[in-house]
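Undergrad: Following this message is one structure expressed as structure tokens.
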Amino acid sequence: MYIAQEESFGPVMVISKFKNGDVDGVLRRANATEYGLASGVFTKDISKALYISEKLEAGTVFINTYNKTDVAAPFGGFKLSGFGKDLGKLLSPSPISHLRVLINERTF
């Protein structure tokens, strides 16, 4: 799906179906892009959310929220989504899979 593989800027959200329990298949699809600025996970299972957030190749992972962030926090993407980390000391390439995980704790 073209829209799921492009780095779109604007109010765009891709929602795709997956077979129950096929988390690794979802991760393969999510990471099969040249970009990795931000991603979002929506679930009632905090263990699953943390597992998925660890495996996603994105600079920021939002859990049960999206685009709510502190502008003073380090920010950046992976792959073709930017160079290094703005406002942070980490520079690409980095051994970590993402820089920030933001969780809406009121949903658990």
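Letters for chains follow the order of the structure tokens (A, B, ...), residue numbers begin at 1 for each chain, and ligand numbers begin at 1 in the order shown.
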Determine, counting only C-alpha atoms, which protein, DNA and RNA residues have an atom within 12 Å of an atom of Asp22 in chain A; residues of the same chain fewer than 6 positions away are not included. Present the result as a PDB file with C-alpha atoms, in the first residue's frame.

TA:
```
ATOM      1  CA  ARG A  28       7.363  -6.682   9.329  1.00  0.00           C
ATOM      2  CA  ARG A  29       4.820  -4.525   7.463  1.00  0.00           C
ATOM      3  CA  LYS A  48       2.004  -6.153  23.703  1.00  0.00           C
ATOM      4  CA  ILE A  52       5.818  -3.741  19.624  1.00  0.00           C
TER       5      ILE A  52
END
```

Undergrad: Identify, with DSSP run on backbone atoms, the residues in chain A assigned to alpha helix (DSSP H), and express the list as number ranges by chain.

TA: A: 23-31, 46-55

Undergrad: Please produce a file of those selected residues containing N, CA, C and O atoms, as a PDB file, in the first residue's frame.

TA:
```
ATOM      1  N   VAL A  23       1.447 -10.486  15.501  1.00  0.00           N
ATOM      2  CA  VAL A  23       2.166  -9.257  15.839  1.00  0.00           C
ATOM      3  C   VAL A  23       3.447  -9.134  15.022  1.00  0.00           C
ATOM      4  O   VAL A  23       3.784  -8.054  14.549  1.00  0.00           O
ATOM      5  N   ASP A  24       4.146 -10.236  14.833  1.00  0.00           N
ATOM      6  CA  ASP A  24       5.395 -10.168  14.071  1.00  0.00           C
ATOM      7  C   ASP A  24       5.141  -9.819  12.602  1.00  0.00           C
ATOM      8  O   ASP A  24       5.943  -9.127  11.980  1.00  0.00           O
ATOM      9  N   GLY A  25       4.009 -10.264  12.048  1.00  0.00           N
ATOM     10  CA  GLY A  25       3.639  -9.876  10.696  1.00  0.00           C
ATOM     11  C   GLY A  25       3.356  -8.383  10.598  1.00  0.00           C
ATOM     12  O   GLY A  25       3.733  -7.719   9.632  1.00  0.00           O
ATOM     13  N   VAL A  26       2.707  -7.849  11.617  1.00  0.00           N
ATOM     14  CA  VAL A  26       2.438  -6.411  11.667  1.00  0.00           C
ATOM     15  C   VAL A  26       3.757  -5.642  11.735  1.00  0.00           C
ATOM     16  O   VAL A  26       3.936  -4.634  11.047  1.00  0.00           O
ATOM     17  N   LEU A  27       4.684  -6.119  12.545  1.00  0.00           N
ATOM     18  CA  LEU A  27       5.985  -5.456  12.654  1.00  0.00           C
ATOM     19  C   LEU A  27       6.749  -5.488  11.337  1.00  0.00           C
ATOM     20  O   LEU A  27       7.366  -4.492  10.955  1.00  0.00           O
ATOM     21  N   ARG A  28       6.693  -6.613  10.634  1.00  0.00           N
ATOM     22  CA  ARG A  28       7.363  -6.682   9.329  1.00  0.00           C
ATOM     23  C   ARG A  28       6.777  -5.641   8.372  1.00  0.00           C
ATOM     24  O   ARG A  28       7.515  -4.936   7.673  1.00  0.00           O
ATOM     25  N   ARG A  29       5.456  -5.525   8.346  1.00  0.00           N
ATOM     26  CA  ARG A  29       4.820  -4.525   7.463  1.00  0.00           C
ATOM     27  C   ARG A  29       5.177  -3.114   7.895  1.00  0.00           C
ATOM     28  O   ARG A  29       5.455  -2.257   7.054  1.00  0.00           O
ATOM     29  N   ALA A  30       5.143  -2.852   9.193  1.00  0.00           N
ATOM     30  CA  ALA A  30       5.418  -1.498   9.690  1.00  0.00           C
ATOM     31  C   ALA A  30       6.857  -1.081   9.402  1.00  0.00           C
ATOM     32  O   ALA A  30       7.123   0.093   9.108  1.00  0.00           O
ATOM     33  N   ASN A  31       7.784  -2.014   9.476  1.00  0.00           N
ATOM     34  CA  ASN A  31       9.196  -1.687   9.272  1.00  0.00           C
ATOM     35  C   ASN A  31       9.629  -1.790   7.812  1.00  0.00           C
ATOM     36  O   ASN A  31      10.761  -1.443   7.486  1.00  0.00           O
ATOM     37  N   ILE A  46      -0.771  -3.682  27.602  1.00  0.00           N
ATOM     38  CA  ILE A  46       0.470  -2.925  27.774  1.00  0.00           C
ATOM     39  C   ILE A  46       1.693  -3.766  27.436  1.00  0.00           C
ATOM     40  O   ILE A  46       2.658  -3.264  26.868  1.00  0.00           O
ATOM     41  N   SER A  47       1.669  -5.055  27.738  1.00  0.00           N
ATOM     42  CA  SER A  47       2.805  -5.916  27.406  1.00  0.00           C
ATOM     43  C   SER A  47       3.016  -5.979  25.900  1.00  0.00           C
ATOM     44  O   SER A  47       4.140  -5.897  25.403  1.00  0.00           O
ATOM     45  N   LYS A  48       1.926  -6.119  25.171  1.00  0.00           N
ATOM     46  CA  LYS A  48       2.004  -6.153  23.703  1.00  0.00           C
ATOM     47  C   LYS A  48       2.484  -4.804  23.172  1.00  0.00           C
ATOM     48  O   LYS A  48       3.299  -4.748  22.262  1.00  0.00           O
ATOM     49  N   ALA A  49       1.992  -3.722  23.747  1.00  0.00           N
ATOM     50  CA  ALA A  49       2.399  -2.389  23.300  1.00  0.00           C
ATOM     51  C   ALA A  49       3.896  -2.179  23.501  1.00  0.00           C
ATOM     52  O   ALA A  49       4.572  -1.649  22.623  1.00  0.00           O
ATOM     53  N   LEU A  50       4.416  -2.603  24.635  1.00  0.00           N
ATOM     54  CA  LEU A  50       5.848  -2.433  24.897  1.00  0.00           C
ATOM     55  C   LEU A  50       6.689  -3.332  24.002  1.00  0.00           C
ATOM     56  O   LEU A  50       7.746  -2.919  23.521  1.00  0.00           O
ATOM     57  N   TYR A  51       6.225  -4.538  23.747  1.00  0.00           N
ATOM     58  CA  TYR A  51       6.924  -5.447  22.828  1.00  0.00           C
ATOM     59  C   TYR A  51       6.998  -4.827  21.435  1.00  0.00           C
ATOM     60  O   TYR A  51       8.059  -4.779  20.813  1.00  0.00           O
ATOM     61  N   ILE A  52       5.871  -4.336  20.959  1.00  0.00           N
ATOM     62  CA  ILE A  52       5.818  -3.741  19.624  1.00  0.00           C
ATOM     63  C   ILE A  52       6.678  -2.476  19.563  1.00  0.00           C
ATOM     64  O   ILE A  52       7.432  -2.274  18.614  1.00  0.00           O
ATOM     65  N   SER A  53       6.598  -1.640  20.585  1.00  0.00           N
ATOM     66  CA  SER A  53       7.370  -0.393  20.561  1.00  0.00           C
ATOM     67  C   SER A  53       8.867  -0.663  20.542  1.00  0.00           C
ATOM     68  O   SER A  53       9.633   0.101  19.952  1.00  0.00           O
ATOM     69  N   GLU A  54       9.292  -1.750  21.155  1.00  0.00           N
ATOM     70  CA  GLU A  54      10.713  -2.105  21.151  1.00  0.00           C
ATOM     71  C   GLU A  54      11.182  -2.538  19.766  1.00  0.00           C
ATOM     72  O   GLU A  54      12.327  -2.313  19.391  1.00  0.00           O
ATOM     73  N   LYS A  55      10.294  -3.137  18.987  1.00  0.00           N
ATOM     74  CA  LYS A  55      10.665  -3.685  17.679  1.00  0.00           C
ATOM     75  C   LYS A  55      10.460  -2.711  16.525  1.00  0.00           C
ATOM     76  O   LYS A  55      10.982  -2.926  15.432  1.00  0.00           O
TER      77      LYS A  55
END
```

Undergrad: Extract, using only C-alpha atoms, all DNA, RNA and protein residues at most 12 Å from Phe9 in chain A, discarding same-chain residues fewer than 5 positions from it, and format them as a PyMOL selection string.

TA: chain A and resi 3+37-38+81

Undergrad: Looking at A:Ser16, A:Thr43, A:Thr33, A:Thr69, which one is nearest to Leu56 in chain A, with distances taken over only C-alpha atoms?

TA: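 Checking each of A:Ser16, A:Thr43, A:Thr33, A:Thr69 against Leu56 in chain A, counting only C-alpha atoms, the winner is A:Thr33.
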
Undergrad: May I have the residues within 8 Å of Gln5 in chain A as a VMD selection string, using only C-alpha atoms and disregarding those fewer than 5 positions away in the same chain?

TA: chain A and resid 32 to 35

Undergrad: Output all heavy atoms of each residue in that selection to a file, as a JSON list (two decimals), in the first residue's frame.

TA:
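Result file again.json:
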```json
[["chain", "number", "residue", "atom", "x", "y", "z"],
["A", 32, "ALA", "N", 8.75, -2.22, 6.93],
["A", 32, "ALA", "CA", 9.08, -2.38, 5.51],
["A", 32, "ALA", "C", 8.91, -1.07, 4.76],
["A", 32, "ALA", "O", 8.17, -0.96, 3.79],
["A", 32, "ALA", "CB", 8.21, -3.47, 4.88],
["A", 33, "THR", "N", 9.59, -0.05, 5.23],
["A", 33, "THR", "CA", 9.55, 1.26, 4.60],
["A", 33, "THR", "C", 10.93, 1.89, 4.72],
["A", 33, "THR", "O", 11.74, 1.47, 5.56],
["A", 33, "THR", "CB", 8.48, 2.16, 5.27],
["A", 33, "THR", "OG1", 8.53, 3.46, 4.66],
["A", 33, "THR", "CG2", 8.70, 2.30, 6.76],
["A", 34, "GLU", "N", 11.21, 2.86, 3.90],
["A", 34, "GLU", "CA", 12.49, 3.55, 3.95],
["A", 34, "GLU", "C", 12.52, 4.63, 5.03],
["A", 34, "GLU", "O", 13.55, 5.25, 5.24],
["A", 34, "GLU", "CB", 12.78, 4.20, 2.60],
["A", 34, "GLU", "CG", 12.92, 3.20, 1.47],
["A", 34, "GLU", "CD", 13.12, 3.88, 0.13],
["A", 34, "GLU", "OE1", 12.72, 5.05, -0.02],
["A", 34, "GLU", "OE2", 13.66, 3.23, -0.76],
["A", 35, "TYR", "N", 11.39, 4.84, 5.68],
["A", 35, "TYR", "CA", 11.28, 5.95, 6.62],
["A", 35, "TYR", "C", 11.03, 5.43, 8.04],
["A", 35, "TYR", "O", 10.62, 4.30, 8.24],
["A", 35, "TYR", "CB", 10.13, 6.89, 6.21],
["A", 35, "TYR", "CG", 10.32, 7.39, 4.80],
["A", 35, "TYR", "CD1", 9.66, 6.81, 3.74],
["A", 35, "TYR", "CD2", 11.20, 8.44, 4.55],
["A", 35, "TYR", "CE1", 9.85, 7.27, 2.44],
["A", 35, "TYR", "CE2", 11.40, 8.90, 3.27],
["A", 35, "TYR", "CZ", 10.73, 8.31, 2.21],
["A", 35, "TYR", "OH", 10.93, 8.76, 0.94]]
```

Undergrad: Could you tell me which of A:Val71, A:Leu80, A:Val101, A:Met1 comes closest to Ser39 in chain A if we count only C-alpha atoms?

TA: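 Under the stated criterion, the closest residue is A:Val101.
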
Undergrad: Tell me which of A:Gly10, A:Ile103, A:Gly59, A:Ala73 sits closest to Val41 in chain A, counting only C-alpha atoms.

TA: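 Closest residue, counting only C-alpha atoms: A:Ile103.
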
Undergrad: Quick one: distance from CA of Glu7 in chain A to CA of Lys79 in chain A in Å, one decimal?

TA: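 Calculated distance between CA of Glu7 in chain A and CA of Lys79 in chain A is 11.3 Å.
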